[in-house]
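A.B. asks: Structure supplied as target_25.pdb; contents: PDB, C-alpha atoms.
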```
MODEL        1
ATOM      1  CA  MET A   1     -69.366-148.361  91.155
ATOM      2  CA  ALA A   2     -71.469-147.479  88.089
ATOM      3  CA  TRP A   3     -72.418-150.135  85.621
ATOM      4  CA  PHE A   4     -73.191-149.252  82.033
ATOM      5  CA  LYS A   5     -75.187-151.233  79.546
ATOM      6  CA  ARG A   6     -75.207-150.484  75.827
ATOM      7  CA  LYS A   7     -78.737-149.704  74.759
ATOM      8  CA  LYS A   8     -78.018-150.127  71.037
ATOM      9  CA  GLU A   9     -75.701-152.498  69.271
ATOM     10  CA  ASN A  10     -73.443-150.479  66.941
ATOM     11  CA  ILE A  11     -71.873-153.606  65.511
ATOM     12  CA  SER A  12     -74.002-156.636  64.880
ATOM     13  CA  PRO A  13     -72.387-159.897  65.982
ATOM     14  CA  HIS A  14     -73.843-161.412  62.814
ATOM     15  CA  SER A  15     -72.503-158.801  60.394
ATOM     16  CA  LYS A  16     -71.039-160.245  57.209
ATOM     17  CA  LYS A  17     -67.747-159.346  55.622
ATOM     18  CA  ALA A  18     -68.234-156.932  52.742
ATOM     19  CA  GLU A  19     -68.185-158.849  49.496
ATOM     20  CA  ILE A  20     -66.457-157.580  46.364
ATOM     21  CA  PRO A  21     -68.705-158.061  43.325
ATOM     22  CA  ASP A  22     -67.288-160.400  40.692
ATOM     23  CA  GLY A  23     -65.669-158.765  37.692
ATOM     24  CA  GLN A  24     -64.922-155.417  39.344
ATOM     25  CA  TRP A  25     -61.306-156.140  40.268
ATOM     26  CA  ALA A  26     -58.385-157.815  38.532
ATOM     27  CA  LYS A  27     -55.049-159.027  39.836
ATOM     28  CA  CYS A  28     -51.888-158.351  37.827
ATOM     29  CA  GLU A  29     -50.107-161.613  36.989
ATOM     30  CA  GLU A  30     -46.747-159.843  36.992
ATOM     31  CA  CYS A  31     -46.663-157.772  40.203
ATOM     32  CA  GLY A  32     -49.800-158.852  42.081
ATOM     33  CA  GLU A  33     -51.366-155.374  42.066
ATOM     34  CA  ILE A  34     -55.156-155.337  42.579
ATOM     35  CA  ILE A  35     -56.709-153.034  39.984
ATOM     36  CA  HIS A  36     -60.292-151.850  39.538
ATOM     37  CA  THR A  37     -61.564-152.879  36.116
ATOM     38  CA  LYS A  38     -62.571-149.298  35.266
ATOM     39  CA  GLN A  39     -59.008-148.117  35.936
ATOM     40  CA  LEU A  40     -57.695-151.047  33.920
ATOM     41  CA  GLU A  41     -59.932-150.181  30.974
ATOM     42  CA  VAL A  42     -58.843-146.522  31.026
ATOM     43  CA  ASN A  43     -55.231-147.745  30.993
ATOM     44  CA  LEU A  44     -56.001-149.960  27.956
ATOM     45  CA  TRP A  45     -55.822-153.121  30.050
ATOM     46  CA  CYS A  46     -52.214-152.539  31.127
ATOM     47  CA  CYS A  47     -51.131-152.643  34.770
ATOM     48  CA  PRO A  48     -50.577-149.032  35.961
ATOM     49  CA  LYS A  49     -47.826-150.224  38.311
ATOM     50  CA  CYS A  50     -45.647-152.542  36.176
ATOM     51  CA  ASN A  51     -47.110-152.152  32.626
ATOM     52  CA  PHE A  52     -48.049-155.840  32.356
ATOM     53  CA  HIS A  53     -50.269-156.248  29.289
ATOM     54  CA  PHE A  54     -53.418-158.219  30.090
ATOM     55  CA  ARG A  55     -54.849-160.444  27.372
ATOM     56  CA  ILE A  56     -57.781-158.756  25.678
ATOM     57  CA  GLY A  57     -60.153-159.596  22.849
ATOM     58  CA  SER A  58     -60.780-158.191  19.405
ATOM     59  CA  ASP A  59     -63.530-155.822  20.578
ATOM     60  CA  GLN A  60     -61.105-154.138  22.991
ATOM     61  CA  TYR A  61     -58.431-153.692  20.293
ATOM     62  CA  ILE A  62     -60.984-152.272  17.886
ATOM     63  CA  SER A  63     -62.235-149.832  20.542
ATOM     64  CA  PHE A  64     -58.913-147.985  20.855
ATOM     65  CA  LEU A  65     -57.216-148.567  17.498
ATOM     66  CA  PHE A  66     -59.891-147.350  15.093
ATOM     67  CA  ASP A  67     -61.546-144.026  14.436
ATOM     68  CA  LYS A  68     -64.958-143.907  16.077
ATOM     69  CA  ASN A  69     -67.670-145.892  14.245
ATOM     70  CA  SER A  70     -65.340-146.601  11.299
ATOM     71  CA  PHE A  71     -64.931-150.372  11.762
ATOM     72  CA  LYS A  72     -67.156-152.577   9.597
ATOM     73  CA  GLU A  73     -67.065-156.283  10.371
ATOM     74  CA  LEU A  74     -66.850-158.917   7.609
ATOM     75  CA  ASP A  75     -68.121-162.533   7.571
ATOM     76  CA  ARG A  76     -69.626-162.153  11.016
ATOM     77  CA  LYS A  77     -71.910-165.202  10.913
ATOM     78  CA  MET A  78     -69.339-167.760   9.777
ATOM     79  CA  LYS A  79     -69.093-170.738  12.188
ATOM     80  CA  SER A  80     -67.016-173.917  12.362
ATOM     81  CA  GLY A  81     -68.419-177.280  11.339
ATOM     82  CA  ASP A  82     -67.317-180.637  12.704
ATOM     83  CA  PRO A  83     -65.863-182.407   9.636
ATOM     84  CA  LEU A  84     -64.124-185.138  11.660
ATOM     85  CA  GLU A  85     -66.897-185.604  14.255
ATOM     86  CA  PHE A  86     -64.118-185.162  16.795
ATOM     87  CA  THR A  87     -64.472-186.035  20.462
ATOM     88  CA  ASP A  88     -62.003-185.601  23.312
ATOM     89  CA  THR A  89     -63.380-184.693  26.759
ATOM     90  CA  LYS A  90     -66.517-183.530  24.910
ATOM     91  CA  ASN A  91     -67.856-183.419  21.371
ATOM     92  CA  TYR A  92     -66.248-180.714  19.249
ATOM     93  CA  ALA A  93     -69.661-179.478  18.094
ATOM     94  CA  ASP A  94     -70.737-179.096  21.726
ATOM     95  CA  ARG A  95     -67.475-177.339  22.582
ATOM     96  CA  ILE A  96     -68.004-174.844  19.744
ATOM     97  CA  ALA A  97     -71.590-174.147  20.833
ATOM     98  CA  ALA A  98     -70.579-173.676  24.479
ATOM     99  CA  THR A  99     -67.710-171.340  23.551
ATOM    100  CA  ILE A 100     -69.934-169.224  21.304
ATOM    101  CA  LYS A 101     -72.411-168.874  24.174
ATOM    102  CA  LYS A 102     -69.661-167.979  26.668
ATOM    103  CA  THR A 103     -67.696-165.494  24.539
ATOM    104  CA  GLY A 104     -70.416-164.014  22.330
ATOM    105  CA  ILE A 105     -68.283-164.462  19.197
ATOM    106  CA  ASN A 106     -68.577-167.156  16.515
ATOM    107  CA  ASP A 107     -64.908-168.101  16.187
ATOM    108  CA  ALA A 108     -61.388-167.115  17.182
ATOM    109  CA  VAL A 109     -60.954-164.171  14.814
ATOM    110  CA  LYS A 110     -62.825-160.984  13.947
ATOM    111  CA  THR A 111     -62.181-159.374  10.560
ATOM    112  CA  GLY A 112     -63.250-156.184   8.827
ATOM    113  CA  THR A 113     -62.196-152.792   7.547
ATOM    114  CA  GLY A 114     -61.799-149.505   9.371
ATOM    115  CA  LYS A 115     -59.867-146.262   9.559
ATOM    116  CA  ILE A 116     -56.872-145.332  11.695
ATOM    117  CA  ASP A 117     -56.397-141.554  11.641
ATOM    118  CA  GLY A 118     -58.505-141.494   8.494
ATOM    119  CA  LYS A 119     -56.457-144.193   6.714
ATOM    120  CA  LYS A 120     -58.479-147.231   5.654
ATOM    121  CA  VAL A 121     -57.063-150.694   6.442
ATOM    122  CA  ALA A 122     -58.164-154.321   6.336
ATOM    123  CA  PHE A 123     -57.979-155.788   9.819
ATOM    124  CA  ALA A 124     -58.052-159.177  11.534
ATOM    125  CA  CYS A 125     -57.733-159.747  15.274
ATOM    126  CA  MET A 126     -57.671-163.094  17.030
ATOM    127  CA  ASP A 127     -59.394-163.861  20.342
ATOM    128  CA  PHE A 128     -57.506-166.118  22.744
ATOM    129  CA  SER A 129     -60.692-166.676  24.757
ATOM    130  CA  PHE A 130     -62.137-168.776  21.899
ATOM    131  CA  ILE A 131     -60.497-172.221  22.318
ATOM    132  CA  GLY A 132     -57.096-170.643  22.892
ATOM    133  CA  GLY A 133     -57.304-168.536  19.740
ATOM    134  CA  SER A 134     -56.720-171.711  17.744
ATOM    135  CA  MET A 135     -56.784-171.608  13.952
ATOM    136  CA  GLY A 136     -59.363-173.863  12.333
ATOM    137  CA  SER A 137     -61.059-173.716   8.945
ATOM    138  CA  VAL A 138     -63.145-170.655   9.796
ATOM    139  CA  VAL A 139     -60.179-168.668  11.116
ATOM    140  CA  GLY A 140     -58.137-169.495   8.006
ATOM    141  CA  GLU A 141     -61.010-168.677   5.654
ATOM    142  CA  LYS A 142     -61.861-165.368   7.352
ATOM    143  CA  ILE A 143     -58.221-164.261   7.316
ATOM    144  CA  ALA A 144     -57.867-165.309   3.666
ATOM    145  CA  ARG A 145     -60.947-163.241   2.775
ATOM    146  CA  CYS A 146     -59.593-160.299   4.786
ATOM    147  CA  ILE A 147     -56.357-160.486   2.786
ATOM    148  CA  ASP A 148     -58.433-160.580  -0.415
ATOM    149  CA  THR A 149     -60.225-157.418   0.737
ATOM    150  CA  ALA A 150     -56.875-155.667   1.207
ATOM    151  CA  TYR A 151     -55.804-156.840  -2.265
ATOM    152  CA  GLU A 152     -59.035-155.780  -4.005
ATOM    153  CA  GLU A 153     -59.320-152.395  -2.279
ATOM    154  CA  LYS A 154     -55.544-151.697  -2.455
ATOM    155  CA  ILE A 155     -55.295-150.954   1.268
ATOM    156  CA  PRO A 156     -52.823-152.037   3.995
ATOM    157  CA  LEU A 157     -53.467-155.169   6.040
ATOM    158  CA  ILE A 158     -53.069-155.443   9.832
ATOM    159  CA  ILE A 159     -53.370-158.756  11.698
ATOM    160  CA  ILE A 160     -53.170-159.028  15.488
ATOM    161  CA  SER A 161     -52.280-162.574  16.506
ATOM    162  CA  GLN A 162     -52.796-164.264  19.863
ATOM    163  CA  SER A 163     -53.084-168.009  19.560
ATOM    164  CA  GLY A 164     -51.948-171.392  20.760
ATOM    165  CA  GLY A 165     -51.659-172.584  17.146
ATOM    166  CA  ALA A 166     -53.645-174.843  14.820
ATOM    167  CA  ARG A 167     -56.909-176.340  16.115
ATOM    168  CA  MET A 168     -56.289-180.038  16.648
ATOM    169  CA  MET A 169     -60.022-180.884  16.591
ATOM    170  CA  GLU A 170     -60.033-180.218  12.837
ATOM    171  CA  GLY A 171     -56.873-182.197  12.063
ATOM    172  CA  ALA A 172     -55.488-181.697   8.545
ATOM    173  CA  PHE A 173     -58.246-179.182   7.764
ATOM    174  CA  SER A 174     -56.632-176.741  10.206
ATOM    175  CA  LEU A 175     -53.149-177.358   8.774
ATOM    176  CA  MET A 176     -54.428-176.578   5.261
ATOM    177  CA  GLN A 177     -55.085-173.000   6.417
ATOM    178  CA  MET A 178     -51.323-172.417   6.595
ATOM    179  CA  ALA A 179     -50.976-172.853   2.830
ATOM    180  CA  LYS A 180     -54.115-170.837   2.069
ATOM    181  CA  THR A 181     -53.188-167.795   4.154
ATOM    182  CA  SER A 182     -49.500-167.700   3.180
ATOM    183  CA  ALA A 183     -50.392-167.978  -0.535
ATOM    184  CA  ARG A 184     -52.779-165.024  -0.199
ATOM    185  CA  LEU A 185     -50.064-163.008   1.561
ATOM    186  CA  ALA A 186     -47.621-163.785  -1.262
ATOM    187  CA  ARG A 187     -50.104-162.276  -3.727
ATOM    188  CA  LEU A 188     -50.461-159.229  -1.489
ATOM    189  CA  ALA A 189     -46.674-158.829  -1.454
ATOM    190  CA  GLU A 190     -46.515-159.039  -5.257
ATOM    191  CA  ALA A 191     -49.018-156.168  -5.386
ATOM    192  CA  LYS A 192     -46.714-154.185  -3.049
ATOM    193  CA  LEU A 193     -49.436-153.764  -0.452
ATOM    194  CA  PRO A 194     -48.135-153.620   3.131
ATOM    195  CA  PHE A 195     -48.891-156.258   5.748
ATOM    196  CA  ILE A 196     -48.263-155.240   9.371
ATOM    197  CA  SER A 197     -48.212-158.161  11.796
ATOM    198  CA  VAL A 198     -48.818-157.441  15.485
ATOM    199  CA  MET A 199     -48.101-160.255  17.950
ATOM    200  CA  ALA A 200     -49.719-160.353  21.383
ATOM    201  CA  ASP A 201     -49.234-162.912  24.140
ATOM    202  CA  PRO A 202     -49.121-165.733  23.128
ATOM    203  CA  THR A 203     -48.429-166.180  19.414
ATOM    204  CA  THR A 204     -47.345-169.772  18.855
ATOM    205  CA  GLY A 205     -47.614-172.860  16.683
ATOM    206  CA  GLY A 206     -49.238-172.870  13.249
ATOM    207  CA  VAL A 207     -50.371-169.250  13.508
ATOM    208  CA  THR A 208     -46.744-168.119  13.856
ATOM    209  CA  ALA A 209     -45.838-170.148  10.767
ATOM    210  CA  SER A 210     -48.939-169.261   8.739
ATOM    211  CA  TYR A 211     -48.972-165.466   8.825
ATOM    212  CA  ALA A 212     -47.764-163.909  12.075
ATOM    213  CA  MET A 213     -44.090-163.984  11.044
ATOM    214  CA  LEU A 214     -44.717-163.069   7.396
ATOM    215  CA  GLY A 215     -45.360-159.370   7.852
ATOM    216  CA  ASP A 216     -43.464-156.557   6.137
ATOM    217  CA  LEU A 217     -43.248-155.139   9.666
ATOM    218  CA  LEU A 218     -43.259-157.335  12.756
ATOM    219  CA  ILE A 219     -44.503-155.624  15.914
ATOM    220  CA  ALA A 220     -45.006-157.204  19.340
ATOM    221  CA  GLU A 221     -46.451-156.164  22.654
ATOM    222  CA  PRO A 222     -44.051-156.234  25.645
ATOM    223  CA  LYS A 223     -43.151-159.652  27.103
ATOM    224  CA  ALA A 224     -45.343-161.552  24.638
ATOM    225  CA  LEU A 225     -44.541-165.249  24.198
ATOM    226  CA  ILE A 226     -43.776-165.774  20.503
ATOM    227  CA  GLY A 227     -42.529-168.946  18.852
ATOM    228  CA  PHE A 228     -43.417-172.136  16.993
ATOM    229  CA  ALA A 229     -42.902-174.859  19.593
ATOM    230  CA  GLY A 230     -43.138-173.950  23.270
ATOM    231  CA  PRO A 231     -40.080-173.555  25.536
ATOM    232  CA  ARG A 232     -40.764-176.828  27.369
ATOM    233  CA  VAL A 233     -40.885-178.825  24.109
ATOM    234  CA  ILE A 234     -37.677-177.215  22.840
ATOM    235  CA  LYS A 235     -35.866-177.832  26.119
ATOM    236  CA  ASP A 236     -36.905-181.492  26.129
ATOM    237  CA  THR A 237     -35.826-181.857  22.490
ATOM    238  CA  ILE A 238     -32.350-180.328  22.703
ATOM    239  CA  GLY A 239     -31.697-181.368  26.287
ATOM    240  CA  LYS A 240     -30.318-177.974  27.303
ATOM    241  CA  ASP A 241     -31.453-175.096  29.465
ATOM    242  CA  LEU A 242     -32.773-172.148  27.458
ATOM    243  CA  PRO A 243     -31.588-168.523  27.846
ATOM    244  CA  GLU A 244     -33.533-166.336  30.246
ATOM    245  CA  GLY A 245     -36.485-164.688  28.532
ATOM    246  CA  PHE A 246     -36.283-167.129  25.605
ATOM    247  CA  GLN A 247     -39.127-166.552  23.085
ATOM    248  CA  ARG A 248     -40.274-163.341  24.754
ATOM    249  CA  SER A 249     -40.605-160.153  22.714
ATOM    250  CA  GLU A 250     -37.469-158.559  24.170
ATOM    251  CA  PHE A 251     -35.321-161.623  23.375
ATOM    252  CA  LEU A 252     -36.660-161.785  19.799
ATOM    253  CA  LEU A 253     -36.070-158.068  19.204
ATOM    254  CA  GLU A 254     -32.495-158.383  20.447
ATOM    255  CA  ASN A 255     -31.910-161.300  18.081
ATOM    256  CA  GLY A 256     -33.411-159.656  15.002
ATOM    257  CA  PHE A 257     -36.775-161.407  14.729
ATOM    258  CA  LEU A 258     -38.862-158.288  15.423
ATOM    259  CA  ASP A 259     -38.857-154.710  14.168
ATOM    260  CA  PHE A 260     -40.544-153.044  17.155
ATOM    261  CA  ILE A 261     -41.903-153.646  20.615
ATOM    262  CA  VAL A 262     -44.792-151.246  21.127
ATOM    263  CA  ASN A 263     -46.749-150.523  24.296
ATOM    264  CA  ARG A 264     -50.475-150.884  23.830
ATOM    265  CA  LYS A 265     -51.009-147.204  24.686
ATOM    266  CA  ASP A 266     -48.726-146.252  21.775
ATOM    267  CA  MET A 267     -50.023-148.843  19.283
ATOM    268  CA  ARG A 268     -52.531-146.652  17.423
ATOM    269  CA  GLU A 269     -49.971-143.874  16.883
ATOM    270  CA  LYS A 270     -47.273-146.345  15.773
ATOM    271  CA  LEU A 271     -49.606-148.076  13.302
ATOM    272  CA  SER A 272     -50.620-144.709  11.860
ATOM    273  CA  GLN A 273     -46.952-143.767  11.421
ATOM    274  CA  VAL A 274     -45.929-146.995   9.699
ATOM    275  CA  ILE A 275     -48.958-146.925   7.399
ATOM    276  CA  ASP A 276     -47.897-143.441   6.267
ATOM    277  CA  TYR A 277     -44.341-144.677   5.758
ATOM    278  CA  LEU A 278     -45.243-147.859   3.867
ATOM    279  CA  THR A 279     -47.849-146.269   1.607
TER     280      THR A 279
ENDMDL
END
```
Output the structure of this file as structure tokens.
C.D. replies:
Amino acid sequence: MAWFKRKKENISPHSKKAEIPDGQWAKCEECGEIIHTKQLEVNLWCCPKCNFHFRIGSDQYISFLFDKNSFKELDRKMKSGDPLEFTDTKNYADRIAATIKKTGINDAVKTGTGKIDGKKVAFACMDFSFIGGSMGSVVGEKIARCIDTAYEEKIPLIIISQSGGARMMEGAFSLMQMAKTSARLARLAEAKLPFISVMADPTTGGVTASYAMLGDLLIAEPKALIGFAGPRVIKDTIGKDLPEGFQRSEFLLENGFLDFIVNRKDMREKLSQVIDYLT
């Protein structure tokens, strides 16, 4: 009988499992599909299998909505103070500093002007990654100034909202932004300048009341959560089960609260069309 001995180990007994580098793959929250981030970016951060719309920031929206190199940011250096010296699990000032370092942006909204198919607009886009896209004094002030830019330059206004509501760390200062922004929008309406409100997931609380629901046209992304109080709070208040899909884009469209639901891949074309129509 012949005995054979392997002269060379083809497989090391100490070989490690191949590791997937962080940030290269994403899992769809809707269907569980594993997607390479490059494929996700090409598909405008929508799942290629089920069309679930991932949450994205203002830089991503700007990258596919505006003509190349046309966007000019306004009030870039504006940062929140700490008027109440608020502390919960950490000091508010420390929380702001840590979030700026993590996200690379100074607050929960980016504003500016740019062109969509050659048509100039004033634009504001919220970032949910910055303390839940909450609206504090800086967010309110930057949006108010963006509305003023639309008024002064006689151009349409577009705001993309994604927020958990008013920023509790600033107390009444955050609630005052509701009056400031809605008053500016009333002046814009008197001048017959269009305001297009786009709602992404989620758009809730004081942001919904302040400006998100005040648009001449109300557009939402698919399956976005939109409302003032959350479903759990409403259910506990009225003591009844809520309809399936309550406060999602499709439910709101069916009940007359929205004008359109628009897929992210069609958003630039739709905005261009409605700007032509409204101007």
A.B. asks: Name the residues in contact with region 111-116 of chain A at a cut-off of 6 Å, using only C-alpha atoms, excluding same-chain residues fewer than 4 positions from it; report them as a list in words.
C.D. replies: Phe66, Asp67, Ser70, Phe71, Lys72, Glu73, Leu74, Lys120, Val121, Ala122, Phe123 and Ala124 of chain A
A.B. asks: Would you compute the distance between CA of Ile105 (chain A) and CA of Gly81 (chain A)? Give it in Å to one decimal.
C.D. replies: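 It comes out at 15.0 Å.
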A.B. asks: Can you translate the PyMOL selection byres ((chain A and resi 273-279) around 12) into the concrete residues it hits in this file, as a compact mmCIF listing (two decimals) with C-alpha atoms, in the coordinates of the input?
C.D. replies:
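Dumped everything to result_5.txt:
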```txt
# COMPACT_ATOMS: atom_id res chain seq x y z
CA LYS A 115 -59.87 -146.26 9.56
CA ILE A 116 -56.87 -145.33 11.70
CA ASP A 117 -56.40 -141.55 11.64
CA GLY A 118 -58.50 -141.49 8.49
CA LYS A 119 -56.46 -144.19 6.71
CA LYS A 120 -58.48 -147.23 5.65
CA VAL A 121 -57.06 -150.69 6.44
CA ALA A 122 -58.16 -154.32 6.34
CA LYS A 154 -55.54 -151.70 -2.46
CA ILE A 155 -55.30 -150.95 1.27
CA PRO A 156 -52.82 -152.04 4.00
CA LEU A 157 -53.47 -155.17 6.04
CA ILE A 158 -53.07 -155.44 9.83
CA LYS A 192 -46.71 -154.18 -3.05
CA LEU A 193 -49.44 -153.76 -0.45
CA PRO A 194 -48.14 -153.62 3.13
CA PHE A 195 -48.89 -156.26 5.75
CA ILE A 196 -48.26 -155.24 9.37
CA SER A 197 -48.21 -158.16 11.80
CA ASP A 216 -43.46 -156.56 6.14
CA LEU A 217 -43.25 -155.14 9.67
CA LEU A 218 -43.26 -157.34 12.76
CA ILE A 219 -44.50 -155.62 15.91
CA ASP A 259 -38.86 -154.71 14.17
CA PHE A 260 -40.54 -153.04 17.16
CA ASP A 266 -48.73 -146.25 21.78
CA MET A 267 -50.02 -148.84 19.28
CA ARG A 268 -52.53 -146.65 17.42
CA GLU A 269 -49.97 -143.87 16.88
CA LYS A 270 -47.27 -146.34 15.77
CA LEU A 271 -49.61 -148.08 13.30
CA SER A 272 -50.62 -144.71 11.86
```
A.B. asks: Please determine an axis-aligned box that encloses all atoms of region 69-83 of chain A listed in the file, with 3 Å added on each side, and express its centre and edge lengths in Å to one decimal as lines of an AutoDock Vina configuration file.
C.D. replies:
```
center_x = -68.4
center_y = -164.1
center_z = 10.9
size_x = 13.0
size_y = 42.5
size_z = 12.7
```
A.B. asks: Pick out the residues sitting within 8 Å of Ser163 (chain A), and hand them over as a list in words; count all atoms listed in the file, and ignore anything fewer than 6 positions along from it in its own chain.
C.D. replies: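 Surrounding residues, per the criterion: Met126, Asp127, Phe128, Gly132, Gly133, Ser134, Met135, Asp201, Pro202, Thr203, Thr204, Gly205 and Val207 of chain A.
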A.B. asks: Quick one: which residues end up in the PyMOL selection byres ((chain A and resi 50-52) around 8) for this structure, as number ranges by chain?
C.D. replies: A: 28-31, 46-49, 53-54, 222
A.B. asks: When you draw a straight line from CA of Arg167 (chain A) to CA of Tyr61 (chain A), how long is it in Å?
C.D. replies: 23.1 Å
A.B. asks: I'd like the interatomic distance between CA of Arg145 (chain A) and CA of Phe86 (chain A), to a tenth of an Å.
C.D. replies: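 Atom-to-atom, CA of Arg145 (chain A) and CA of Phe86 (chain A) are spaced 26.2 Å apart.
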A.B. asks: Measuring between all atoms listed in the file, which one of A:Ala220, A:Leu44, A:Gln247, A:Asn106 shows the shortest distance to Arg232 (chain A)?
C.D. replies: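 With all atoms listed in the file as the atom set, the closest residue is A:Gln247.
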A.B. asks: With all atoms listed in the file as the basis for distance, which of A:Glu221, A:Gly206, A:Gly23, A:Ile238 is at the shortest distance from Leu253 (chain A)?
C.D. replies: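 Result for the nearest residue to Leu253 (chain A): A:Glu221.
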A.B. asks: Kindly write region 100-140 of chain A with C-alpha atoms to a file, as a compact mmCIF listing (two decimals), in the first residue's frame.
C.D. replies:
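decode17.txt was written with the following content:
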```
# COMPACT_ATOMS: atom_id res chain seq x y z
CA ILE A 100 -19.80 68.83 13.61
CA LYS A 101 -16.65 66.70 13.80
CA LYS A 102 -18.54 63.51 12.89
CA THR A 103 -20.66 64.86 10.02
CA GLY A 104 -18.43 67.60 8.60
CA ILE A 105 -21.33 70.08 8.51
CA ASN A 106 -22.06 72.93 10.94
CA ASP A 107 -25.78 72.34 11.47
CA ALA A 108 -28.78 70.38 10.25
CA VAL A 109 -29.44 72.33 7.05
CA LYS A 110 -27.47 73.43 3.99
CA THR A 111 -28.76 76.40 1.99
CA GLY A 112 -27.78 78.12 -1.24
CA THR A 113 -28.70 78.83 -4.83
CA GLY A 114 -28.21 76.73 -7.94
CA LYS A 115 -29.62 75.81 -11.32
CA ILE A 116 -31.83 72.90 -12.32
CA ASP A 117 -31.84 72.55 -16.12
CA GLY A 118 -30.61 76.13 -16.28
CA LYS A 119 -33.36 77.50 -14.00
CA LYS A 120 -32.06 79.27 -10.90
CA VAL A 121 -33.65 78.39 -7.53
CA ALA A 122 -33.06 79.04 -3.84
CA PHE A 123 -32.54 75.75 -2.05
CA ALA A 124 -32.45 74.36 1.48
CA CYS A 125 -31.87 70.72 2.39
CA MET A 126 -31.89 69.26 5.88
CA ASP A 127 -29.49 66.58 7.15
CA PHE A 128 -30.97 63.94 9.44
CA SER A 129 -27.47 62.88 10.51
CA PHE A 130 -27.07 66.17 12.44
CA ILE A 131 -28.96 65.58 15.73
CA GLY A 132 -31.88 64.01 13.89
CA GLY A 133 -32.23 66.95 11.50
CA SER A 134 -33.68 68.94 14.39
CA MET A 135 -34.58 72.60 13.90
CA GLY A 136 -32.79 75.00 16.23
CA SER A 137 -32.01 78.69 15.91
CA VAL A 138 -29.41 78.21 13.17
CA VAL A 139 -31.68 76.01 11.05
CA GLY A 140 -34.53 78.52 11.34
```
